[in-house]
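Q: Take this structure first; my questions come after.
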Amino acid sequence: MSNFKIKDIPLEERPRERLKEVGSNNLTNIELLSIILKTGTKNINVKDLSIELLNNYDLIDLKDISINDLIKIKGIGETKAIELLASIELGKRIFLKESKKLLKLDVPVKIWESSRYLFNGKKQEYFYCYYFNTKQELIEKKLLFIGTINSSVTHIREVFKEAYKVSASYIVCLHNHPSNDITPSKADKEFTEALFETGKIQGIPVIDHIIVGDNKYYSFYENTL
């Protein structure tokens, strides 16, 4: 790799200077990554490091990338990986905040597709709730519990406490099976039944409970359970 350093680039061509001059929307993906990564190493400059990252992953793939994936790339240590992941996550949240009023998730497959990145690479059970308005547009989503490798301890009262906070009309619950076996367990079925019954009493129906695997899902609604 080249020992060419960012300081050797004319001032007006450096990514940070170009951002100030022409705006972030006019920078290339490589320039934006160079700003986030900040520096290279003694053997590779930050521009080449950004190119190496994009040679390994398409830009769209970065939304699901993990810290372990990043640190496999020579020149990206834990600190750079954490900073990049934080930037990516912030971008996701900004996008969701801007789009959530228009994000209508009215069938299980849409909900599953919108949630897949939440469970990517997780080795424990994560339990989320999606809260909807009367048009089944997403108001908010909440991570309520993180469990062990094969179970989570979820309190029904927390599901509905959050629903009242955001004035939700409907609830969809989601959790992953790290084993990738999406068959609902006896505990899943009992808990889902309790959720549905509580929703009737509280006047905020739980309209589905979705179990998420790597590339598949199980919907209690679709299976009429």
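Just so we're on the same page: first chain in the structure tokens is A, next is B, and so on; residues restart at 1 for each chain, and ligands are numbered from 1 in the order they show up.
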Could you give me the residues within segment 7-142 of chain A that DSSP places in helix (DSSP H, G or I), as a compact mmCIF listing (two decimals) with N, CA and C atoms, in the first residue's frame?
A:
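The result, written out as out_36.txt:
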# COMPACT_ATOMS: atom_id res chain seq x y z
N LYS A 7 -2.08 14.55 4.49
CA LYS A 7 -1.48 15.88 4.56
C LYS A 7 -0.71 16.22 3.28
N ASP A 8 -0.41 15.19 2.46
CA ASP A 8 0.28 15.43 1.20
C ASP A 8 -0.67 15.90 0.10
N LEU A 11 -4.46 21.30 0.13
CA LEU A 11 -5.46 21.65 1.14
C LEU A 11 -6.87 21.65 0.60
N GLU A 12 -7.04 22.26 -0.59
CA GLU A 12 -8.39 22.40 -1.15
C GLU A 12 -8.98 21.08 -1.62
N GLU A 13 -8.16 20.02 -1.71
CA GLU A 13 -8.65 18.72 -2.16
C GLU A 13 -8.86 17.74 -1.01
N PRO A 15 -10.65 15.93 2.08
CA PRO A 15 -12.09 15.72 2.31
C PRO A 15 -12.74 16.73 3.24
N ARG A 16 -12.09 17.05 4.36
CA ARG A 16 -12.68 18.00 5.30
C ARG A 16 -12.81 19.39 4.67
N GLU A 17 -11.78 19.81 3.94
CA GLU A 17 -11.83 21.11 3.29
C GLU A 17 -12.87 21.14 2.19
N ARG A 18 -12.99 20.03 1.46
CA ARG A 18 -13.99 19.97 0.39
C ARG A 18 -15.41 19.99 0.95
N LEU A 19 -15.59 19.34 2.09
CA LEU A 19 -16.92 19.38 2.72
C LEU A 19 -17.30 20.81 3.07
N LYS A 20 -16.37 21.56 3.64
CA LYS A 20 -16.66 22.96 3.99
C LYS A 20 -16.92 23.80 2.74
N GLU A 21 -16.22 23.44 1.66
CA GLU A 21 -16.32 24.24 0.44
C GLU A 21 -17.56 23.91 -0.38
N VAL A 22 -17.85 22.61 -0.56
CA VAL A 22 -18.92 22.23 -1.49
C VAL A 22 -20.11 21.55 -0.82
N SER A 24 -21.50 18.41 2.20
CA SER A 24 -21.34 16.97 2.35
C SER A 24 -21.99 16.18 1.24
N ASN A 25 -23.09 16.70 0.67
CA ASN A 25 -23.80 15.96 -0.37
C ASN A 25 -23.03 15.87 -1.68
N ASN A 26 -21.96 16.65 -1.81
CA ASN A 26 -21.16 16.62 -3.02
C ASN A 26 -19.87 15.82 -2.87
N ASN A 29 -18.33 8.75 -1.69
CA ASN A 29 -18.40 7.83 -0.55
C ASN A 29 -17.03 7.66 0.10
N ILE A 30 -16.00 7.64 -0.72
CA ILE A 30 -14.64 7.49 -0.20
C ILE A 30 -14.26 8.69 0.66
N GLU A 31 -14.61 9.88 0.22
CA GLU A 31 -14.29 11.08 0.99
C GLU A 31 -15.06 11.11 2.31
N LEU A 32 -16.31 10.73 2.28
CA LEU A 32 -17.10 10.71 3.52
C LEU A 32 -16.54 9.70 4.51
N LEU A 33 -16.19 8.52 4.02
CA LEU A 33 -15.59 7.51 4.90
C LEU A 33 -14.25 7.98 5.44
N SER A 34 -13.49 8.69 4.62
CA SER A 34 -12.19 9.19 5.06
C SER A 34 -12.34 10.16 6.23
N ILE A 35 -13.38 10.97 6.19
CA ILE A 35 -13.63 11.91 7.28
C ILE A 35 -13.99 11.16 8.56
N ILE A 36 -14.83 10.14 8.43
CA ILE A 36 -15.25 9.37 9.62
C ILE A 36 -14.08 8.58 10.19
N LEU A 37 -13.30 7.94 9.33
CA LEU A 37 -12.17 7.12 9.80
C LEU A 37 -11.01 7.97 10.31
N VAL A 46 -5.61 7.06 4.83
CA VAL A 46 -7.04 6.93 5.12
C VAL A 46 -7.87 6.79 3.84
N LYS A 47 -7.45 7.41 2.75
CA LYS A 47 -8.19 7.26 1.50
C LYS A 47 -8.14 5.82 1.01
N ASP A 48 -6.94 5.22 1.03
CA ASP A 48 -6.81 3.83 0.59
C ASP A 48 -7.54 2.89 1.54
N LEU A 49 -7.57 3.24 2.82
CA LEU A 49 -8.30 2.43 3.79
C LEU A 49 -9.79 2.46 3.49
N SER A 50 -10.29 3.63 3.11
CA SER A 50 -11.71 3.76 2.74
C SER A 50 -12.01 2.96 1.48
N ILE A 51 -11.10 3.00 0.53
CA ILE A 51 -11.27 2.22 -0.70
C ILE A 51 -11.28 0.73 -0.39
N GLU A 52 -10.38 0.31 0.51
CA GLU A 52 -10.32 -1.11 0.90
C GLU A 52 -11.63 -1.55 1.54
N LEU A 53 -12.20 -0.70 2.38
CA LEU A 53 -13.48 -1.02 3.02
C LEU A 53 -14.58 -1.20 1.97
N LEU A 54 -14.64 -0.29 1.00
CA LEU A 54 -15.67 -0.36 -0.03
C LEU A 54 -15.40 -1.47 -1.04
N ASN A 55 -14.16 -1.93 -1.13
CA ASN A 55 -13.87 -3.10 -1.96
C ASN A 55 -14.38 -4.39 -1.30
N ASN A 56 -14.44 -4.37 0.01
CA ASN A 56 -14.91 -5.55 0.75
C ASN A 56 -16.43 -5.56 0.92
N LEU A 59 -21.73 -0.29 -0.32
CA LEU A 59 -22.15 0.74 0.64
C LEU A 59 -23.42 0.32 1.38
N ILE A 60 -24.37 -0.28 0.69
CA ILE A 60 -25.63 -0.68 1.31
C ILE A 60 -25.41 -1.73 2.38
N ASP A 61 -24.34 -2.53 2.24
CA ASP A 61 -24.07 -3.59 3.21
C ASP A 61 -23.59 -3.04 4.55
N LEU A 62 -23.13 -1.80 4.57
CA LEU A 62 -22.61 -1.23 5.81
C LEU A 62 -23.70 -1.06 6.87
N LYS A 63 -24.96 -1.01 6.45
CA LYS A 63 -26.03 -0.84 7.44
C LYS A 63 -26.18 -2.06 8.33
N ASP A 64 -25.68 -3.21 7.89
CA ASP A 64 -25.79 -4.44 8.68
C ASP A 64 -24.42 -4.95 9.16
N ILE A 67 -19.04 -5.08 14.28
CA ILE A 67 -17.70 -4.67 14.70
C ILE A 67 -16.67 -5.74 14.33
N ASN A 68 -17.07 -7.01 14.41
CA ASN A 68 -16.16 -8.11 14.06
C ASN A 68 -15.83 -8.11 12.57
N ASP A 69 -16.82 -7.74 11.74
CA ASP A 69 -16.56 -7.64 10.30
C ASP A 69 -15.54 -6.54 10.02
N LEU A 70 -15.71 -5.40 10.69
CA LEU A 70 -14.87 -4.25 10.42
C LEU A 70 -13.42 -4.48 10.83
N GLU A 78 -10.46 -1.47 16.73
CA GLU A 78 -11.72 -1.40 17.47
C GLU A 78 -12.26 0.02 17.55
N THR A 79 -11.38 1.00 17.79
CA THR A 79 -11.83 2.38 17.94
C THR A 79 -12.46 2.89 16.65
N LYS A 80 -11.78 2.68 15.52
CA LYS A 80 -12.34 3.12 14.23
C LYS A 80 -13.66 2.40 13.94
N ALA A 81 -13.72 1.10 14.24
CA ALA A 81 -14.94 0.33 13.99
C ALA A 81 -16.10 0.88 14.81
N ILE A 82 -15.85 1.19 16.07
CA ILE A 82 -16.91 1.72 16.94
C ILE A 82 -17.40 3.07 16.43
N GLU A 83 -16.47 3.95 16.04
CA GLU A 83 -16.86 5.27 15.54
C GLU A 83 -17.67 5.16 14.25
N LEU A 84 -17.27 4.25 13.37
CA LEU A 84 -18.01 4.06 12.12
C LEU A 84 -19.40 3.49 12.39
N LEU A 85 -19.50 2.50 13.27
CA LEU A 85 -20.79 1.92 13.61
C LEU A 85 -21.72 2.96 14.24
N ALA A 86 -21.16 3.83 15.08
CA ALA A 86 -21.97 4.88 15.70
C ALA A 86 -22.52 5.83 14.64
N SER A 87 -21.69 6.17 13.65
CA SER A 87 -22.14 7.05 12.57
C SER A 87 -23.25 6.40 11.75
N ILE A 88 -23.07 5.12 11.46
CA ILE A 88 -24.08 4.39 10.69
C ILE A 88 -25.40 4.32 11.45
N GLU A 89 -25.33 4.01 12.74
CA GLU A 89 -26.54 3.89 13.56
C GLU A 89 -27.26 5.24 13.66
N LEU A 90 -26.51 6.31 13.81
CA LEU A 90 -27.13 7.63 13.88
C LEU A 90 -27.85 7.94 12.58
N GLY A 91 -27.22 7.58 11.45
CA GLY A 91 -27.88 7.78 10.16
C GLY A 91 -29.17 7.01 10.04
N LYS A 92 -29.18 5.77 10.55
CA LYS A 92 -30.40 4.96 10.53
C LYS A 92 -31.51 5.64 11.32
N ARG A 93 -31.15 6.14 12.50
CA ARG A 93 -32.16 6.74 13.37
C ARG A 93 -32.71 8.02 12.79
N ILE A 94 -31.84 8.82 12.18
CA ILE A 94 -32.31 10.04 11.53
C ILE A 94 -33.27 9.69 10.40
N PHE A 95 -32.91 8.70 9.60
CA PHE A 95 -33.78 8.29 8.49
C PHE A 95 -35.13 7.81 8.99
N LEU A 96 -35.12 6.99 10.06
CA LEU A 96 -36.37 6.47 10.60
C LEU A 96 -37.22 7.58 11.18
N LYS A 97 -36.59 8.56 11.84
CA LYS A 97 -37.35 9.67 12.40
C LYS A 97 -38.00 10.49 11.30
N GLU A 98 -37.30 10.65 10.18
CA GLU A 98 -37.85 11.43 9.07
C GLU A 98 -38.97 10.69 8.35
N SER A 99 -38.84 9.37 8.30
CA SER A 99 -39.76 8.60 7.45
C SER A 99 -40.89 7.91 8.21
N PRO A 108 -47.18 -8.67 7.87
CA PRO A 108 -46.02 -9.18 8.62
C PRO A 108 -44.70 -9.12 7.87
N VAL A 109 -44.71 -9.41 6.58
CA VAL A 109 -43.43 -9.44 5.84
C VAL A 109 -42.78 -8.06 5.82
N LYS A 110 -43.58 -6.99 5.74
CA LYS A 110 -43.02 -5.64 5.76
C LYS A 110 -42.38 -5.34 7.12
N ILE A 111 -43.05 -5.78 8.18
CA ILE A 111 -42.52 -5.55 9.52
C ILE A 111 -41.21 -6.30 9.69
N TRP A 112 -41.20 -7.55 9.24
CA TRP A 112 -39.98 -8.37 9.33
C TRP A 112 -38.83 -7.73 8.56
N GLU A 113 -39.11 -7.30 7.33
CA GLU A 113 -38.05 -6.70 6.51
C GLU A 113 -37.50 -5.43 7.14
N SER A 114 -38.37 -4.66 7.80
CA SER A 114 -37.91 -3.41 8.42
C SER A 114 -37.12 -3.65 9.70
N SER A 115 -37.23 -4.86 10.26
CA SER A 115 -36.62 -5.13 11.55
C SER A 115 -35.35 -5.98 11.47
N ARG A 116 -35.04 -6.50 10.30
CA ARG A 116 -33.96 -7.50 10.21
C ARG A 116 -32.63 -6.98 10.73
N TYR A 117 -32.32 -5.72 10.44
CA TYR A 117 -31.02 -5.20 10.87
C TYR A 117 -30.91 -5.12 12.39
N LEU A 118 -32.05 -5.08 13.09
CA LEU A 118 -32.03 -5.00 14.55
C LEU A 118 -31.47 -6.27 15.17
N PHE A 119 -31.63 -7.39 14.47
CA PHE A 119 -31.24 -8.68 15.04
C PHE A 119 -29.99 -9.27 14.40
Q: Which polymer residues have any atom within 12 Å of an atom of Lys200 of chain A, counting only C-alpha atoms, with same-chain residues fewer than 4 positions away left out, as a CSV table (one decimal) with C-alpha atoms, in the first residue's frame?
A:
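Wrote out16.csv, looks like this:
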chain,number,residue,atom,x,y,z
A,160,PHE,CA,-48.2,-1.6,27.5
A,169,SER,CA,-53.4,2.1,18.8
A,170,TYR,CA,-51.8,-1.3,17.9
A,171,ILE,CA,-48.7,-3.3,18.9
A,193,GLU,CA,-51.6,-15.6,24.2
A,194,ALA,CA,-51.1,-13.5,27.4
A,195,LEU,CA,-50.1,-10.5,25.2
A,196,PHE,CA,-53.2,-10.8,23.0
A,204,ILE,CA,-54.6,-1.6,22.6
A,205,PRO,CA,-54.6,-4.8,20.5
A,206,VAL,CA,-51.4,-6.8,20.0
A,207,ILE,CA,-52.0,-7.7,16.4
Q: Hey, can you check how far atom CA of Gly213 of chain A sits from atom CA of Thr134 of chain A?
A: 28.3 Å
Q: Write out as a ChimeraX atom specification the residues lying within 9 Å of Ile139 of chain A, counting only C-alpha atoms and excluding same-chain residues fewer than 5 positions away.
A: /A:100-101,103,130-133,166-168
Q: Restricted to N, CA and C atoms, what would the selected residues look like written as a compact mmCIF listing (two decimals), in the first residue's frame?
A:
# COMPACT_ATOMS: atom_id res chain seq x y z
N LYS A 100 -40.81 7.92 9.56
CA LYS A 100 -41.73 7.06 10.30
C LYS A 100 -43.19 7.45 10.11
N LYS A 101 -43.51 8.74 9.85
CA LYS A 101 -44.90 9.13 9.66
C LYS A 101 -45.47 8.53 8.39
N LEU A 103 -44.19 5.58 7.13
CA LEU A 103 -43.83 4.16 7.10
C LEU A 103 -45.02 3.32 7.54
N TYR A 130 -43.10 -2.83 18.24
CA TYR A 130 -43.42 -1.79 17.29
C TYR A 130 -44.78 -1.22 17.69
N TYR A 131 -44.86 0.10 17.76
CA TYR A 131 -46.10 0.77 18.16
C TYR A 131 -46.65 1.55 16.97
N PHE A 132 -47.94 1.36 16.70
CA PHE A 132 -48.58 1.91 15.51
C PHE A 132 -49.75 2.83 15.85
N ASN A 133 -50.05 3.76 14.91
CA ASN A 133 -51.26 4.57 15.03
C ASN A 133 -52.42 3.83 14.38
N VAL A 166 -46.66 6.55 24.02
CA VAL A 166 -46.66 7.06 22.65
C VAL A 166 -48.06 7.09 22.05
N SER A 167 -49.08 6.83 22.88
CA SER A 167 -50.49 6.83 22.44
C SER A 167 -50.71 5.88 21.27
N ALA A 168 -50.20 4.67 21.39
CA ALA A 168 -50.32 3.68 20.32
C ALA A 168 -51.73 3.11 20.23
Q: May I have all residues of segment 49-219 of chain A that DSSP, computed from the backbone, assigns to strand (DSSP E or B), given as a VMD selection string?
A: chain A and resid 104 126 to 132 137 to 146 170 to 176 206 to 212 217 to 219
Q: Those same residues, written as a compact mmCIF listing (two decimals), in the first residue's frame with N, CA and C atoms?
A:
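Output below, filename again_24.txt:
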# COMPACT_ATOMS: atom_id res chain seq x y z
N LYS A 104 -45.75 2.83 6.56
CA LYS A 104 -46.91 1.98 6.84
C LYS A 104 -46.49 0.52 6.74
N TYR A 126 -33.39 -10.81 21.64
CA TYR A 126 -33.76 -9.40 21.77
C TYR A 126 -35.27 -9.29 21.55
N PHE A 127 -35.93 -8.56 22.42
CA PHE A 127 -37.38 -8.41 22.33
C PHE A 127 -37.72 -6.95 22.06
N TYR A 128 -38.36 -6.71 20.91
CA TYR A 128 -38.77 -5.36 20.50
C TYR A 128 -40.28 -5.27 20.43
N CYS A 129 -40.78 -4.06 20.57
CA CYS A 129 -42.18 -3.78 20.27
C CYS A 129 -42.25 -2.65 19.25
N TYR A 130 -43.10 -2.83 18.24
CA TYR A 130 -43.42 -1.79 17.29
C TYR A 130 -44.78 -1.22 17.69
N TYR A 131 -44.86 0.10 17.76
CA TYR A 131 -46.10 0.77 18.16
C TYR A 131 -46.65 1.55 16.97
N PHE A 132 -47.94 1.36 16.70
CA PHE A 132 -48.58 1.91 15.51
C PHE A 132 -49.75 2.83 15.85
N GLU A 137 -49.33 3.01 10.85
CA GLU A 137 -48.07 3.67 10.55
C GLU A 137 -47.22 3.62 11.82
N LEU A 138 -45.94 3.38 11.63
CA LEU A 138 -45.05 3.19 12.78
C LEU A 138 -44.85 4.49 13.54
N ILE A 139 -45.18 4.46 14.83
CA ILE A 139 -44.95 5.61 15.70
C ILE A 139 -43.58 5.51 16.35
N GLU A 140 -43.32 4.35 16.90
CA GLU A 140 -42.07 4.15 17.65
C GLU A 140 -41.76 2.67 17.74
N LYS A 141 -40.49 2.37 17.92
CA LYS A 141 -40.10 0.99 18.23
C LYS A 141 -39.20 1.01 19.45
N LYS A 142 -39.32 -0.01 20.29
CA LYS A 142 -38.59 -0.03 21.55
C LYS A 142 -37.97 -1.40 21.77
N LEU A 143 -36.70 -1.38 22.14
CA LEU A 143 -36.05 -2.59 22.63
C LEU A 143 -36.38 -2.69 24.12
N LEU A 144 -37.15 -3.69 24.50
CA LEU A 144 -37.60 -3.79 25.89
C LEU A 144 -36.75 -4.74 26.72
N PHE A 145 -36.24 -5.79 26.09
CA PHE A 145 -35.48 -6.77 26.88
C PHE A 145 -34.40 -7.43 26.04
N ILE A 146 -33.32 -7.79 26.71
CA ILE A 146 -32.27 -8.62 26.12
C ILE A 146 -32.13 -9.83 27.03
N TYR A 170 -52.06 0.16 18.11
CA TYR A 170 -51.78 -1.25 17.89
C TYR A 170 -50.34 -1.55 18.27
N ILE A 171 -50.09 -2.82 18.57
CA ILE A 171 -48.74 -3.26 18.94
C ILE A 171 -48.38 -4.51 18.14
N VAL A 172 -47.15 -4.57 17.68
CA VAL A 172 -46.58 -5.81 17.14
C VAL A 172 -45.30 -6.09 17.92
N CYS A 173 -45.19 -7.29 18.44
CA CYS A 173 -43.99 -7.68 19.19
C CYS A 173 -43.09 -8.55 18.30
N LEU A 174 -41.80 -8.40 18.48
CA LEU A 174 -40.83 -9.18 17.71
C LEU A 174 -39.71 -9.65 18.63
N HIS A 175 -39.27 -10.87 18.41
CA HIS A 175 -38.03 -11.30 19.05
C HIS A 175 -37.34 -12.31 18.16
N ASN A 176 -36.05 -12.47 18.37
CA ASN A 176 -35.26 -13.37 17.54
C ASN A 176 -34.99 -14.68 18.26
N VAL A 206 -52.69 -6.27 20.52
CA VAL A 206 -51.43 -6.81 20.00
C VAL A 206 -51.82 -7.62 18.76
N ILE A 207 -51.47 -7.11 17.58
CA ILE A 207 -51.99 -7.72 16.35
C ILE A 207 -51.05 -8.78 15.77
N ASP A 208 -49.84 -8.87 16.30
CA ASP A 208 -48.95 -9.94 15.83
C ASP A 208 -47.76 -10.06 16.78
N HIS A 209 -47.17 -11.24 16.76
CA HIS A 209 -45.90 -11.50 17.42
C HIS A 209 -45.06 -12.25 16.41
N ILE A 210 -43.92 -11.67 16.05
CA ILE A 210 -43.09 -12.21 14.97
C ILE A 210 -41.78 -12.72 15.55
N ILE A 211 -41.45 -13.96 15.20
CA ILE A 211 -40.18 -14.55 15.59
C ILE A 211 -39.23 -14.44 14.39
N VAL A 212 -38.06 -13.88 14.62
CA VAL A 212 -37.15 -13.54 13.53
C VAL A 212 -35.96 -14.50 13.50
N TYR A 217 -38.94 -15.71 8.94
CA TYR A 217 -39.68 -15.27 10.12
C TYR A 217 -40.90 -16.15 10.34
N TYR A 218 -41.44 -16.07 11.55
CA TYR A 218 -42.68 -16.76 11.88
C TYR A 218 -43.63 -15.71 12.43
N SER A 219 -44.82 -15.64 11.86
CA SER A 219 -45.84 -14.68 12.29
C SER A 219 -47.01 -15.44 12.93
Q: Between atom CA of Pro178 of chain A and atom CA of Glu125 of chain A, measure the distance and give it in Å to one decimal.
A: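 So the answer is 6.5 Å.
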Q: For a test of reading the model, state the distance in Å between atom CA of Asp214 of chain A and atom CA of Ser179 of chain A, rounded to one decimal.
A: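 Taking atom CA of Asp214 of chain A as the start and atom CA of Ser179 of chain A as the end point, the length is 9.2 Å.
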